[in-house]
Amino acid sequence: AIDIHLIMTKKVLLVVFLTLVCSSCYIRTGWSTVAGYGTDVNWEIETYPVESGIGDGYGPNKMLVYSDTCGLLAAFNGDETSFYVTSNCGKNWKRRGSVGNLLCRSIAKSKDRFYGCFLSTDPNNGGVIMMSNDVGKTWETILDNTNGIFRFDVQDDGTLVALLTLDEGYAILCSVDGGQNWMTSPSSVTRSIVTFGQLSFLGDGVIYSSKDKVVVMNPASFVTDTIHSSKGLMSDVVSGEDVIGIWEGHRANYYRLIGKHAGLVSSIWDIRRPFRNYIPAEIYQYGDVVYTKIIPLTYKARTSLLMSVDRARTWSVINVESDFEKELDAVGPSASDWPMAGYKDKMLSYCVGYKDGKRQDFIKVIRPK
C-alpha cells in the first residue's frame, strides 16, 4: 500500500524548501551551500568629521592609504587635480601638490614611489602615467599616450603594467625598472583582450580578461597561463590577494586562485531579474577579509559595498548610513560611491555631506566585528 500521508509530507517539505530559496533576492553558489544574500551582520562603522580638509571647491576623487595613519587623496575641482595628505587617518588634510587639469583615474604606491594614471580633460590629449618621489608634491611623466590609457597597476617591486591604445591596436606595456623603459606585448597577447575590462597584478603576474577566458601574464616575458575559461564573454576582472571578481554572464562571480586554477566560491545575481548585470568594481583583500563594490548595470544604479570574512564564500551588504550621516541634510550621491582605501584591519572612505547649507566632510571607517 502507498503511504499517502508520507507523500503529502514530502510535497509540503519540497514547497517550503523552494519557497525559502526563491524568497531571497540573491543566491550564492560554489564551494559554499546555497544561501541567502546579506543575512549576516558582521561589520561595524565609525564616523568622524574632517576638521581641516580639501575645501568647498574640491570633490574627493581617489584615495590611497599607505601606512597605519597616513594617506594620499586626489581631489578635483574641474580646473585641476590637487593632492592632499593626512597623518591622522583623515581628520586633517594638507595640500601637497597638483598635476593641473588632469583627472586622476587611479593612484598606487611601490616602496617610496607613488604612481598615478591621469586622463586629460581634453579628449584629444589622451592620458599619462606619472611618478612622484615626494608623496605627491611633484610629478614626472613616465608614459604618455595620446590615444588614452585604459588601465594601470604597479607591483611592490616597482614593476608597472598599462593597457592602452596604439595606432595599430591595443597593447599591454610593462616596465620592470619603475617606468624608465617599457616593453610592448606581442599581438598574440592582446588580440582578444577585453579593453573595457580591468588589468591588475595577482601575485607576481598580471591578470586580465581575454574574451572567453581569464589569463595571468608574466610581465617580463609576456607568457600567459589560462586560469579560468567560460563559454560566454568575461570582463571587468578585479583581484585581491587570491580572490578574483569577474563580470560573467550577468553575474558578479568570485573565484579563489589555487595554484594555477580559479575555483568558484560565490556568485551575486538577482533571481527576480536574471538578465540584470552585476559588475564587480573593486576588491580590497587582507587575508580572509574581503571588501568589494558591486555596480548594477541599470539606470541610476547605486553602488553596493559588501564584506566577507571567509574569503568571498559569503557576503554581507554594508548599510553605509551611520548615525552621523542621519544628522546631515544630505549626503550625495551615495557614501558607497566615495573614494575608499584599505588598511589591514579596516576600510576608510572620504565622504561629503551638507548641514544647514554648509558642507561637512567626514571620514567613515568600516571594519569587521
# chains A, B, ... in the order shown; residues from 1 in each chain; ligands from 1
>>> residues_around(residues="segment 104-108 of chain A", least_positions_apart="6", cutoff="8 Å", atoms="only C-alpha atoms", output="PyMOL selection string")
chain A and resi 61-64+74+81+114-119+152-154
>>> closest_residue(among="A:Leu160, A:Leu143, A:Ile244, A:Ala262", to="Asp177 of chain A", atoms="only C-alpha atoms")
A:Leu160
>>> closest_residue(among="A:Leu264, A:Ala330, A:Met340, A:Ile271", to="Ile283 of chain A", atoms="only C-alpha atoms")
A:Met340
>>> residues_around(residues="Ile318 of chain A", least_positions_apart="3", cutoff="9 Å", atoms="only C-alpha atoms", output="ChimeraX atom specification")
/A:38,41,43-44,304-307,321,366
>>> write_last_selection(atoms="N, CA, C and O atoms", output="JSON list (two decimals), in the first residue's frame")
[["chain", "number", "residue", "atom", "x", "y", "z"],
["A", 38, "GLY", "N", 23.44, 38.51, 2.11],
["A", 38, "GLY", "CA", 23.48, 39.60, 3.08],
["A", 38, "GLY", "C", 22.74, 39.30, 4.36],
["A", 38, "GLY", "O", 22.11, 40.18, 4.94],
["A", 41, "VAL", "N", 25.23, 40.02, 9.85],
["A", 41, "VAL", "CA", 25.71, 41.36, 10.20],
["A", 41, "VAL", "C", 26.99, 41.18, 10.99],
["A", 41, "VAL", "O", 26.97, 40.83, 12.17],
["A", 43, "TRP", "N", 29.85, 43.54, 10.71],
["A", 43, "TRP", "CA", 30.67, 44.71, 10.48],
["A", 43, "TRP", "C", 30.23, 45.83, 11.41],
["A", 43, "TRP", "O", 29.13, 45.81, 11.97],
["A", 44, "GLU", "N", 31.07, 46.82, 11.58],
["A", 44, "GLU", "CA", 30.72, 48.00, 12.38],
["A", 44, "GLU", "C", 31.29, 49.24, 11.71],
["A", 44, "GLU", "O", 32.25, 49.17, 10.95],
["A", 304, "SER", "N", 26.86, 49.14, -4.42],
["A", 304, "SER", "CA", 26.71, 48.46, -3.14],
["A", 304, "SER", "C", 28.08, 48.03, -2.64],
["A", 304, "SER", "O", 28.93, 47.59, -3.41],
["A", 305, "LEU", "N", 28.29, 48.17, -1.34],
["A", 305, "LEU", "CA", 29.53, 47.74, -0.72],
["A", 305, "LEU", "C", 29.26, 46.47, 0.08],
["A", 305, "LEU", "O", 28.35, 46.43, 0.91],
["A", 306, "LEU", "N", 30.05, 45.43, -0.17],
["A", 306, "LEU", "CA", 29.89, 44.16, 0.50],
["A", 306, "LEU", "C", 31.18, 43.78, 1.22],
["A", 306, "LEU", "O", 32.26, 44.20, 0.81],
["A", 307, "MET", "N", 31.02, 42.97, 2.27],
["A", 307, "MET", "CA", 32.18, 42.50, 3.01],
["A", 307, "MET", "C", 32.05, 41.00, 3.28],
["A", 307, "MET", "O", 30.95, 40.51, 3.56],
["A", 321, "GLU", "N", 24.90, 53.95, 5.94],
["A", 321, "GLU", "CA", 24.41, 55.14, 6.65],
["A", 321, "GLU", "C", 24.67, 55.00, 8.15],
["A", 321, "GLU", "O", 24.22, 54.06, 8.79],
["A", 366, "ILE", "N", 35.02, 51.41, 8.21],
["A", 366, "ILE", "CA", 34.26, 50.15, 8.24],
["A", 366, "ILE", "C", 35.23, 49.02, 8.58],
["A", 366, "ILE", "O", 36.29, 48.91, 7.97]]
>>> residues_around(residues="segment 213-216 of chain A", least_positions_apart="5", cutoff="8 Å", atoms="only C-alpha atoms", output="mmCIF file with N, CA and C atoms, in the first residue's frame")
data_model
loop_
_atom_site.group_PDB
_atom_site.id
_atom_site.type_symbol
_atom_site.label_atom_id
_atom_site.label_comp_id
_atom_site.auth_asym_id
_atom_site.auth_seq_id
_atom_site.Cartn_x
_atom_site.Cartn_y
_atom_site.Cartn_z
ATOM 1 N N LEU A 202 48.152 40.066 -9.826
ATOM 2 C CA LEU A 202 47.702 38.993 -8.955
ATOM 3 C C LEU A 202 48.935 38.161 -8.639
ATOM 4 N N GLY A 205 52.003 37.911 -11.272
ATOM 5 C CA GLY A 205 51.528 38.020 -12.642
ATOM 6 C C GLY A 205 50.498 39.108 -12.825
ATOM 7 N N VAL A 206 50.166 39.374 -14.078
ATOM 8 C CA VAL A 206 49.157 40.372 -14.449
ATOM 9 C C VAL A 206 47.909 39.632 -14.914
ATOM 10 N N ILE A 207 46.771 39.933 -14.312
ATOM 11 C CA ILE A 207 45.535 39.248 -14.642
ATOM 12 C C ILE A 207 44.639 40.164 -15.473
ATOM 13 N N TYR A 208 44.008 39.575 -16.500
ATOM 14 C CA TYR A 208 43.070 40.329 -17.325
ATOM 15 C C TYR A 208 42.165 39.339 -18.053
ATOM 16 N N THR A 224 51.612 33.675 -21.007
ATOM 17 C CA THR A 224 50.308 33.669 -20.340
ATOM 18 C C THR A 224 49.889 32.262 -19.944
ATOM 19 N N ASP A 225 49.131 32.180 -18.853
ATOM 20 C CA ASP A 225 48.504 30.943 -18.394
ATOM 21 C C ASP A 225 47.020 31.207 -18.200
ATOM 22 N N THR A 226 46.177 30.331 -18.723
ATOM 23 C CA THR A 226 44.734 30.453 -18.535
ATOM 24 C C THR A 226 44.359 29.870 -17.178
ATOM 25 N N ILE A 227 43.689 30.678 -16.339
ATOM 26 C CA ILE A 227 43.284 30.196 -15.027
ATOM 27 C C ILE A 227 41.780 29.934 -14.951
ATOM 28 N N HIS A 228 41.020 30.431 -15.959
ATOM 29 C CA HIS A 228 39.575 30.190 -15.981
ATOM 30 C C HIS A 228 39.067 30.416 -17.392
ATOM 31 N N SER A 229 38.168 29.561 -17.844
ATOM 32 C CA SER A 229 37.557 29.715 -19.160
ATOM 33 C C SER A 229 36.055 29.540 -19.047
ATOM 34 N N SER A 230 35.326 30.117 -20.004
ATOM 35 C CA SER A 230 33.870 30.076 -19.985
ATOM 36 C C SER A 230 33.354 30.134 -21.416
ATOM 37 N N LEU A 233 31.246 35.690 -22.709
ATOM 38 C CA LEU A 233 32.204 36.780 -22.586
ATOM 39 C C LEU A 233 32.408 37.127 -21.120
ATOM 40 N N MET A 234 33.658 37.324 -20.738
ATOM 41 C CA MET A 234 34.003 37.737 -19.388
ATOM 42 C C MET A 234 34.775 39.048 -19.451
ATOM 43 N N VAL A 237 37.596 42.126 -14.750
ATOM 44 C CA VAL A 237 38.252 41.255 -13.777
ATOM 45 C C VAL A 237 38.963 42.124 -12.741
#
>>> select_by_dssp(residues="segment 221-369 of chain A", states="alpha helix (DSSP H)", output="VMD selection string")
chain A and resid 323 to 326
>>> closest_residue(among="A:Leu348, A:Asp122, A:Val238, A:Lys369", to="Val289 of chain A", atoms="only C-alpha atoms")
A:Lys369
>>> residues_around(residues="Val331 of chain A", least_positions_apart="5", cutoff="10 Å", atoms="only C-alpha atoms", output="short mmCIF file (atom, residue, chain, number, x, y, z; two decimals) with all heavy atoms, in the first residue's frame")
data_model
loop_
_atom_site.label_atom_id
_atom_site.label_comp_id
_atom_site.auth_asym_id
_atom_site.auth_seq_id
_atom_site.Cartn_x
_atom_site.Cartn_y
_atom_site.Cartn_z
N GLU A 321 24.90 53.95 5.94
CA GLU A 321 24.41 55.14 6.65
C GLU A 321 24.67 55.00 8.15
O GLU A 321 24.22 54.06 8.79
CB GLU A 321 22.92 55.35 6.40
CG GLU A 321 22.42 56.66 6.97
CD GLU A 321 20.96 56.91 6.66
OE1 GLU A 321 20.19 55.92 6.58
OE2 GLU A 321 20.59 58.08 6.50
N GLU A 325 25.62 60.49 9.74
CA GLU A 325 25.00 60.89 8.47
C GLU A 325 23.53 61.24 8.64
O GLU A 325 23.00 62.11 7.93
CB GLU A 325 25.14 59.77 7.45
CG GLU A 325 26.56 59.51 7.00
CD GLU A 325 26.65 58.26 6.17
OE1 GLU A 325 26.32 58.32 4.97
OE2 GLU A 325 27.05 57.21 6.72
N LYS A 326 22.86 60.58 9.55
CA LYS A 326 21.43 60.84 9.76
C LYS A 326 21.17 62.25 10.25
O LYS A 326 20.07 62.78 10.07
CB LYS A 326 20.86 59.82 10.74
CG LYS A 326 20.86 58.39 10.22
CD LYS A 326 20.36 57.40 11.26
CE LYS A 326 20.41 55.97 10.73
NZ LYS A 326 19.95 54.98 11.74
N CYS A 351 34.02 61.16 2.66
CA CYS A 351 32.65 61.45 2.25
C CYS A 351 32.34 62.94 2.41
O CYS A 351 33.03 63.66 3.14
CB CYS A 351 31.65 60.63 3.06
SG CYS A 351 31.98 58.86 3.10
N VAL A 352 31.30 63.37 1.74
CA VAL A 352 30.88 64.77 1.77
C VAL A 352 29.39 64.85 2.06
O VAL A 352 28.58 64.16 1.42
CB VAL A 352 31.20 65.49 0.43
CG1 VAL A 352 30.66 66.91 0.45
CG2 VAL A 352 32.69 65.48 0.16
N GLY A 353 29.02 65.66 3.05
CA GLY A 353 27.61 65.89 3.37
C GLY A 353 27.34 67.38 3.55
O GLY A 353 28.25 68.21 3.45
N TYR A 354 26.08 67.69 3.82
CA TYR A 354 25.67 69.09 3.97
C TYR A 354 24.71 69.23 5.15
O TYR A 354 23.84 68.38 5.36
CB TYR A 354 25.02 69.60 2.69
CG TYR A 354 25.96 69.61 1.51
CD1 TYR A 354 26.08 68.49 0.69
CD2 TYR A 354 26.74 70.73 1.22
CE1 TYR A 354 26.97 68.48 -0.38
CE2 TYR A 354 27.63 70.72 0.15
CZ TYR A 354 27.73 69.60 -0.64
OH TYR A 354 28.60 69.60 -1.70
N LYS A 355 24.90 70.30 5.91
CA LYS A 355 24.06 70.60 7.05
C LYS A 355 23.80 72.10 7.10
O LYS A 355 24.75 72.90 7.12
CB LYS A 355 24.74 70.15 8.35
CG LYS A 355 23.95 70.43 9.62
CD LYS A 355 22.69 69.58 9.70
CE LYS A 355 21.99 69.78 11.03
NZ LYS A 355 20.75 68.97 11.14
N ARG A 359 28.81 72.74 3.82
CA ARG A 359 29.42 71.45 3.53
C ARG A 359 30.12 70.90 4.77
O ARG A 359 30.79 71.63 5.50
CB ARG A 359 30.42 71.62 2.38
CG ARG A 359 31.27 70.38 2.10
CD ARG A 359 32.01 70.52 0.80
NE ARG A 359 33.17 69.62 0.72
CZ ARG A 359 33.88 69.41 -0.37
NH1 ARG A 359 33.57 70.05 -1.48
NH2 ARG A 359 34.90 68.59 -0.35
N GLN A 360 29.97 69.61 4.98
CA GLN A 360 30.64 68.91 6.07
C GLN A 360 31.29 67.65 5.54
O GLN A 360 30.62 66.68 5.21
CB GLN A 360 29.64 68.56 7.19
CG GLN A 360 30.24 67.73 8.32
CD GLN A 360 31.38 68.44 9.04
OE1 GLN A 360 31.17 69.43 9.74
NE2 GLN A 360 32.61 67.95 8.87
N ASP A 361 32.61 67.67 5.43
CA ASP A 361 33.34 66.47 5.04
C ASP A 361 33.49 65.56 6.25
O ASP A 361 33.63 66.03 7.38
CB ASP A 361 34.72 66.83 4.51
CG ASP A 361 34.65 67.63 3.21
OD1 ASP A 361 33.54 68.06 2.84
OD2 ASP A 361 35.70 67.84 2.57
#
>>> select_by_dssp(residues="segment 128-317 of chain A", states="strand (DSSP E)", output="number ranges by chain")
A: 128-132, 140-145, 149-154, 160-166, 169-175, 183-184, 199-202, 205-210, 213-217, 224-229, 234-239, 243-248, 251-258, 261-268, 278-286, 289-296, 304-308, 316-317
>>> atom_distance(atom1="atom CA of Glu140 of chain A", atom2="atom CA of Val128 of chain A")
9.9 Å
